[in-house]
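Scroll down for the structure; my scribbles are underneath it.
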Amino acid sequence: MKTFKKNWEHFETESKLYNHWEKSGYFKPEVNPDGKPFVIAIPPPNVTGKLHIGHAYGTTLQDLMIRYHRLLGDASLYIPGMDHAGIATQTVVDKKLRKQGINKNELGREKFVEEVWKWKEEYGGEILKQLRAIGASCDWDRERFTLDEGLSSAVREAFVHLYKKDLIYRGEYIVNWCPKCGTAIADDEVEHVTQKAKLYYFKYDTNFPITIATTRPETKFGDTAVAVNPGDERYKEFIDKEFEINLDGVKRTIKVIADRAVDKEFGTGAVGVTPSHSLIDWKMAEDHGLSKVKVINEYGKMTSEAGRYEGMKVLEAREKLVEYLKSSELLEKETDIENNLSICYRCGGAIEPLPSLQWFVKMKPLVEKAKAAVKSGEIEIVPKRFEKVYFHWLDNIRDWCISRQLWWGHRIPVFYRKSANLEFKNQNLKLSKDDIFVGETPPGNLDDWVQDEDVLDTWFSSGLWPFSTLGWPKETSDYNKFYPTTVMETGYDIIFFWVARMIMMGLELTGKIPFKTVYLHGLVRDEQNRKMSKSLGNVLDPLDLIAKYGTDALRMALIVGSTPGQDVAIGESKIKGYRNFTNKIWNASRFVSLRVTDGDLQSGELGEGKIADLNIDEKLLTAADKKILGRHEEIKKTVTAHINKFQFSLAGEELYEYFWHEFCDEYIEASKDQLGSVIARKNDEAILKKEIAAPEGLAMTNNTKKILIKILSESLVLMHPYIPFVTDAVWQELREFVPDLADSIMISNWLK
RNA sequence: GCGCCCAUAGCUCAGUUGGUUAGAGCGCUACAUUGACAUUGUAGAGGUCAGAGGUUCGAGCCCUCUUGGGCGCACCA
């Protein structure tokens, strides 16, 4: 005879159940062929590495919605996939190769990219295993990778489309250059950290009348103007005058200009304008027609324009120049200030703004539609306050630099005719139409053409994710059925990088919004509400936690007590608490199963009893029965309402409280009386016979059994989106003696 | 500089059209328990919901201001 184990053994059961679900095809939207589509495209994790607890949080929220809608009867599709993560992955593989003594430049582009693919195969598989461990009910047959064939062709199509509409252009502009990564990065990939710096006050030479103040003296070799505020009386007499200067051997003509951007109060109220190495100065140069001199190169070293400083690293040049200024008595003073240093969000290295030939997407023409979609409510952002952040970003957007000087990524689908392009790279010549080809394969002899060396920003391909994963640009049946997707669940930290771009790209390329709702979750922090970091040693690995407490416990702990857009603090004690909950469910089910089948409570051996049907006799209801049945109906309604409003924490908390304290503590206790005395049954045959002989007693017992089964099985369905494993494990036990239960709880029904 | 969030029990947090006695987890106290579960149960302590003012029959929730903490965007050269 089968026994009901004493404790919930998640470790043995979870992966077995998952495999069973996957094999049975329950993750496919086709289990509800007539249902309306409910679609979530997973925010594709970077192939770079392991998933962290933040991924577990997002995945849990996504899977919760998917499982809920599957139970509602919707054609639920959860599209899995991964992102090639350009810079991040290239850097990691480069490092790995260097450790093996292999230089990527000696290896060559093709071989290097092969190495990255090998790496992707190895680590990508690990990530997929982790997603499965979290319980993600993805349709794995529809798994995508941003660099797979279909998505690559979607990327080319998108590029060509935008180019033809004149929304993509190439030009030499000041960009954020990361010398460490060796590539340009976009504006929003730059982070600012406050640092202590020195502000140096000096003159270029003794003949120059104005003292300027700067934290970066070494860039002053590239100055072509000094800007002052138009209302600043001190400098009025110099405005529009030109001066020949000699800064330690470097000769320049400096024009004094008036610009409102200059703050009279800061420093001396006079700014040395360095058009090539400051965005603001670049703009001033455009406005005032100043020449631009590049004194720092792509390696973070001084160029020949810096005279004897050529070849020095930026910091070295700064030191040397300050020494010179001191010795020539040009330095008036230096003060300590706090300022913001721009760093690369990937590598943390200092950003050098410098002019560079890059590809850009014009953003302004895409902004209005993207704003309108949210303003009209066509796209809903949860929580709503992030709409403001979204609008603010769109209102202040600048063109998006999409070319990256990397090898790992989508190579830009642009070809130049060899005979014509020789000077192009350096001089930004306008090529004639015949000499540039934008698309997949240039016409005529391929040998006549050379493809652009650069790849596209990772976010260019992820911007297409909701539709490229469904087959776009082809009008596949999946695309027709499942696009637009329903919910985009992701972290608030990538609202600009990703969410806004998907909306813009979706509207431009498909003419439709890419998703109806954006649900933004917060950061996962530790028990003391600190950021998780390796140096603090407070990083929680989801796989460790799953091994220890079970996936269900982790999922519940992540959801209950957390709200959208708000960071969530989590520690082992909370997870442990919910592990106790999963065990409580298991044991309550054990009790119910054993009593209903007349099994043995001590050994856990199930009896022969079966439930014939679930028709409850209203006339036999006790006060306890009525109470729990009433509460049960209420709970169904409120839980449904909460989930529909994305209030997952509230619904989870309610289920927890209801199941444990109302069903277990109150009703199950009350049911013990209604079911008759166990001791009597065990020890006294006569009493047992008497009980069975009494028709009302037996009817009461049977009615109570039916109520127990009804409440238990329906509660399991309600809890399944939160804790998929223990609920299905119990469901499988119940199927032994309860009629008409679906093969798996995950394909049963939400409210019968 | 512009904007956003937070301040509720010892700790971490829920509390969404304003409506009984403000909740959960963990922690704490006392007791119980060979009968599903000690990964348990019962009972309990613990809150002037940051402060001040306002709207209202009624405010943790709405409005204004103050204080303290955090974040985002922009950026000072």
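All residue names refer to the structure tokens as shown: chains lettered A, B, ... in order, residues numbered from 1 in each chain, ligands numbered from 1 in order.
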Q.
Give me, as a list of chain:residue names, all polymer residues having an atom no more than 7 Å from range 85-94 of chain A, counting only C-alpha atoms (C1' of nucleotides) and skipping those fewer than 3 positions away in the same chain.
A.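 In the requested format, the answer is A:Asn46, A:Val47, A:Thr48, A:Leu97, A:Arg98, A:Lys104, A:Val116, A:Arg346, A:Trp408, A:Gly409, A:Thr458.
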Practice prompt. From a DSSP calculation on the backbone, collect every residue of range 268-426 of chain A in helix (DSSP H, G or I) and output the set as an MDAnalysis selection string.
Written response: chainID A and resid 275:277 279:288 304:309 314:327 364:375 386:395 418:421 424:426
From CA of Lys636 in chain A to CA of Leu72 in chain A the spacing works out at 12.7 Å
Determine, for each residue of chain A having at least one atom at most 6 Å from an atom of chain B, the closest pair of atoms and their separation in Å to one decimal, counting only C-alpha atoms (C1' of nucleotides); order by chain and ascending number, as a Markdown table.
```
| residue | atom | partner | partner_atom | distance |
| --- | --- | --- | --- | --- |
| A:Thr214 | CA | B:A77 | C1' | 5.6 |
| A:Val271 | CA | B:A77 | C1' | 5.4 |
| A:Gly561 | CA | B:A14 | C1' | 5.3 |
| A:Asn580 | CA | B:U39 | C1' | 4.6 |
| A:Asn587 | CA | B:A36 | C1' | 5.0 |
| A:Ala588 | CA | B:A36 | C1' | 5.6 |
| A:Arg590 | CA | B:A36 | C1' | 5.8 |
| A:Phe591 | CA | B:A36 | C1' | 4.2 |
```
Using the selection just defined, write its residues with N, CA and C atoms as a short mmCIF file (atom, residue, chain, number, x, y, z; two decimals), in the first residue's frame.
```cif
data_model
loop_
_atom_site.label_atom_id
_atom_site.label_comp_id
_atom_site.auth_asym_id
_atom_site.auth_seq_id
_atom_site.Cartn_x
_atom_site.Cartn_y
_atom_site.Cartn_z
N THR A 214 39.87 74.41 -13.99
CA THR A 214 39.49 73.11 -14.55
C THR A 214 39.98 71.98 -13.66
N VAL A 271 35.49 79.48 -18.57
CA VAL A 271 35.72 78.07 -18.87
C VAL A 271 36.57 77.93 -20.12
N GLY A 561 5.24 40.24 0.50
CA GLY A 561 5.92 41.36 1.16
C GLY A 561 6.69 42.23 0.19
N ASN A 580 8.59 26.29 5.91
CA ASN A 580 7.66 25.72 6.88
C ASN A 580 6.24 25.69 6.35
N ASN A 587 1.71 18.46 5.12
CA ASN A 587 1.19 17.70 6.26
C ASN A 587 -0.32 17.79 6.40
N ALA A 588 -0.86 18.94 6.07
CA ALA A 588 -2.32 19.06 6.09
C ALA A 588 -2.89 18.10 5.06
N ARG A 590 -1.48 15.43 4.06
CA ARG A 590 -1.24 14.08 4.57
C ARG A 590 -2.38 13.67 5.49
N PHE A 591 -2.73 14.59 6.37
CA PHE A 591 -3.82 14.31 7.31
C PHE A 591 -5.12 14.04 6.55
#
```
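Contact shell of G19 in chain B at 12 Å (only C-alpha atoms (C1' of nucleotides); same-chain neighbours under 2 positions omitted): U56, C57, G58, A59 and C61 of chain B.
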Would you pick out the contacts of U66 in chain B at 12 Å or less, using only C-alpha atoms (C1' of nucleotides), so that residues sharing its chain but fewer than 4 positions from it are not included, and give the list as a PyMOL selection string? chain B and resi 50-53
